[in-house]
Amino acid sequence: MAGDRFFTTKVCDRCGRTLDGGRTMSMFNEQTICMDCAAKERERPDYKAACDAEIAAVRAGNRNFKGIGL
Ligand SMILES: [Zn+2]
């Protein structure tokens, strides 16, 4: 699901900081984000809805799910 861009991008799509400390895919959209931004996502009240939508999409065979959006 993560494309080559996920592995080649150098800075967080959201805050612009370096990804040297780790990177992950946003649960809400297709951004590659740093661990700080990922932690902030997990604090959002709609984080579970984003997770559920992702799981449901994969289960339905949709490997290109774009996320529910921020
Ligand atoms: Zn970030």
# chains A, B, ... in the order shown; residues from 1 in each chain; ligands from 1

$ residues_near_ligand --ligand "ligand 1" --cutoff "6 Å" --atoms "only C-alpha atoms and all ligand atoms" --output "NGL selection string"
:A and (12 or 14-15 or 17 or 33-34 or 36-37)

$ write_last_selection --atoms "C-alpha atoms" --output "tab-separated table (two decimals), in the first residue's frame"
chain	number	residue	atom	x	y	z
A	12	CYS	CA	7.42	14.73	7.37
A	14	ARG	CA	2.77	17.37	7.84
A	15	CYS	CA	5.32	19.29	9.92
A	17	ARG	CA	10.74	17.80	10.17
A	33	ILE	CA	4.50	11.50	8.73
A	34	CYS	CA	6.93	11.52	11.65
A	36	ASP	CA	5.29	12.95	16.68
A	37	CYS	CA	2.58	13.60	14.11

$ residues_around --residues "A:Met35" --least-positions-apart "2" --cutoff "7 Å" --atoms "only C-alpha atoms" --output "list in words"
Gly22, Arg23, Thr24, Ile33, Cys37, Ala38 and Ala39 of chain A

$ select_by_dssp --residues "chain A" --states "strand (DSSP E or B)" --output "list in words"
Val11, Thr18, Arg23, Thr24, Met25, Thr32, Ile33 and Cys34 of chain A

$ write_last_selection --atoms "N, CA and C atoms" --output "PDB file, in the first residue's frame"
ATOM      1  N   VAL A  11      11.400  14.206   4.668  1.00  0.00           N
ATOM      2  CA  VAL A  11      10.818  15.003   5.749  1.00  0.00           C
ATOM      3  C   VAL A  11       9.327  14.694   5.889  1.00  0.00           C
ATOM      4  N   THR A  18      12.586  16.271   9.895  1.00  0.00           N
ATOM      5  CA  THR A  18      13.258  15.088   9.371  1.00  0.00           C
ATOM      6  C   THR A  18      12.572  13.802   9.833  1.00  0.00           C
ATOM      7  N   ARG A  23       9.291   6.884  10.625  1.00  0.00           N
ATOM      8  CA  ARG A  23       8.233   7.357   9.733  1.00  0.00           C
ATOM      9  C   ARG A  23       7.081   6.379   9.738  1.00  0.00           C
ATOM     10  N   THR A  24       5.918   6.884   9.443  1.00  0.00           N
ATOM     11  CA  THR A  24       4.760   6.011   9.337  1.00  0.00           C
ATOM     12  C   THR A  24       3.764   6.640   8.374  1.00  0.00           C
ATOM     13  N   MET A  25       2.848   5.831   7.905  1.00  0.00           N
ATOM     14  CA  MET A  25       1.785   6.364   7.053  1.00  0.00           C
ATOM     15  C   MET A  25       0.715   6.972   7.947  1.00  0.00           C
ATOM     16  N   THR A  32       3.137  10.710   4.459  1.00  0.00           N
ATOM     17  CA  THR A  32       4.174  10.055   5.253  1.00  0.00           C
ATOM     18  C   THR A  32       4.522  11.015   6.378  1.00  0.00           C
ATOM     19  N   ILE A  33       4.370  10.574   7.602  1.00  0.00           N
ATOM     20  CA  ILE A  33       4.502  11.497   8.732  1.00  0.00           C
ATOM     21  C   ILE A  33       5.498  10.968   9.756  1.00  0.00           C
ATOM     22  N   CYS A  34       5.980  11.895  10.612  1.00  0.00           N
ATOM     23  CA  CYS A  34       6.931  11.522  11.654  1.00  0.00           C
ATOM     24  C   CYS A  34       6.181  10.924  12.847  1.00  0.00           C
TER      25      CYS A  34
END

$ residues_around --residues "A:Glu30" --least-positions-apart "3" --cutoff "9 Å" --atoms "only C-alpha atoms" --output "MDAnalysis selection string"
chainID A and resid 2 25:27 65:67 69

$ residues_around --residues "A:Ala56" --least-positions-apart "6" --cutoff "12 Å" --atoms "only C-alpha atoms" --output "JSON, numbers by chain"
{"A": [49, 50, 62, 63, 65, 67, 68]}

$ write_last_selection --atoms "N, CA and C atoms" --output "short mmCIF file (atom, residue, chain, number, x, y, z; two decimals), in the first residue's frame"
data_model
loop_
_atom_site.label_atom_id
_atom_site.label_comp_id
_atom_site.auth_asym_id
_atom_site.auth_seq_id
_atom_site.Cartn_x
_atom_site.Cartn_y
_atom_site.Cartn_z
N ALA A 49 -12.24 5.80 14.14
CA ALA A 49 -13.03 5.75 12.91
C ALA A 49 -12.11 5.60 11.69
N ALA A 50 -10.98 6.29 11.72
CA ALA A 50 -10.02 6.20 10.62
C ALA A 50 -9.45 4.79 10.53
N ASN A 62 -9.80 -3.39 -1.02
CA ASN A 62 -9.34 -2.09 -1.51
C ASN A 62 -7.96 -1.79 -0.93
N ARG A 63 -6.93 -2.05 -1.72
CA ARG A 63 -5.57 -1.84 -1.23
C ARG A 63 -5.10 -0.41 -1.46
N PHE A 65 -6.85 2.34 -0.46
CA PHE A 65 -7.70 3.21 0.32
C PHE A 65 -6.96 4.50 0.67
N GLY A 67 -7.82 6.78 2.89
CA GLY A 67 -8.04 7.32 4.22
C GLY A 67 -9.29 8.19 4.23
N ILE A 68 -9.73 8.51 5.43
CA ILE A 68 -10.99 9.29 5.52
C ILE A 68 -10.71 10.77 5.39
#

$ select_by_dssp --residues "chain A" --states "alpha helix (DSSP H)" --output "tab-separated table (two decimals) with C-alpha atoms, in the first residue's frame"
chain	number	residue	atom	x	y	z
A	4	ASP	CA	8.16	4.10	-3.10
A	5	ARG	CA	7.64	7.66	-1.98
A	6	PHE	CA	7.10	6.41	1.55
A	7	PHE	CA	10.66	5.11	1.64
A	8	THR	CA	12.36	7.93	-0.23
A	35	MET	CA	6.29	9.70	14.91
A	36	ASP	CA	5.29	12.95	16.68
A	37	CYS	CA	2.58	13.60	14.11
A	38	ALA	CA	1.51	9.94	14.37
A	39	ALA	CA	1.16	10.34	18.14
A	40	LYS	CA	-1.01	13.43	17.57
A	41	GLU	CA	-3.20	11.46	15.19
A	42	ARG	CA	-3.77	8.83	17.85
A	43	GLU	CA	-5.09	11.52	20.19
A	47	TYR	CA	-8.72	8.11	15.14
A	48	LYS	CA	-10.68	4.91	15.77
A	49	ALA	CA	-13.03	5.75	12.91
A	50	ALA	CA	-10.02	6.20	10.62
A	51	CYS	CA	-8.60	2.82	11.73
A	52	ASP	CA	-11.94	1.09	11.27
A	53	ALA	CA	-12.35	2.57	7.78
A	54	GLU	CA	-8.85	1.42	6.83
A	55	ILE	CA	-9.45	-2.11	8.11
A	56	ALA	CA	-12.84	-2.30	6.39
A	57	ALA	CA	-11.33	-1.12	3.09
A	58	VAL	CA	-8.50	-3.67	3.19
A	59	ARG	CA	-10.95	-6.41	4.10
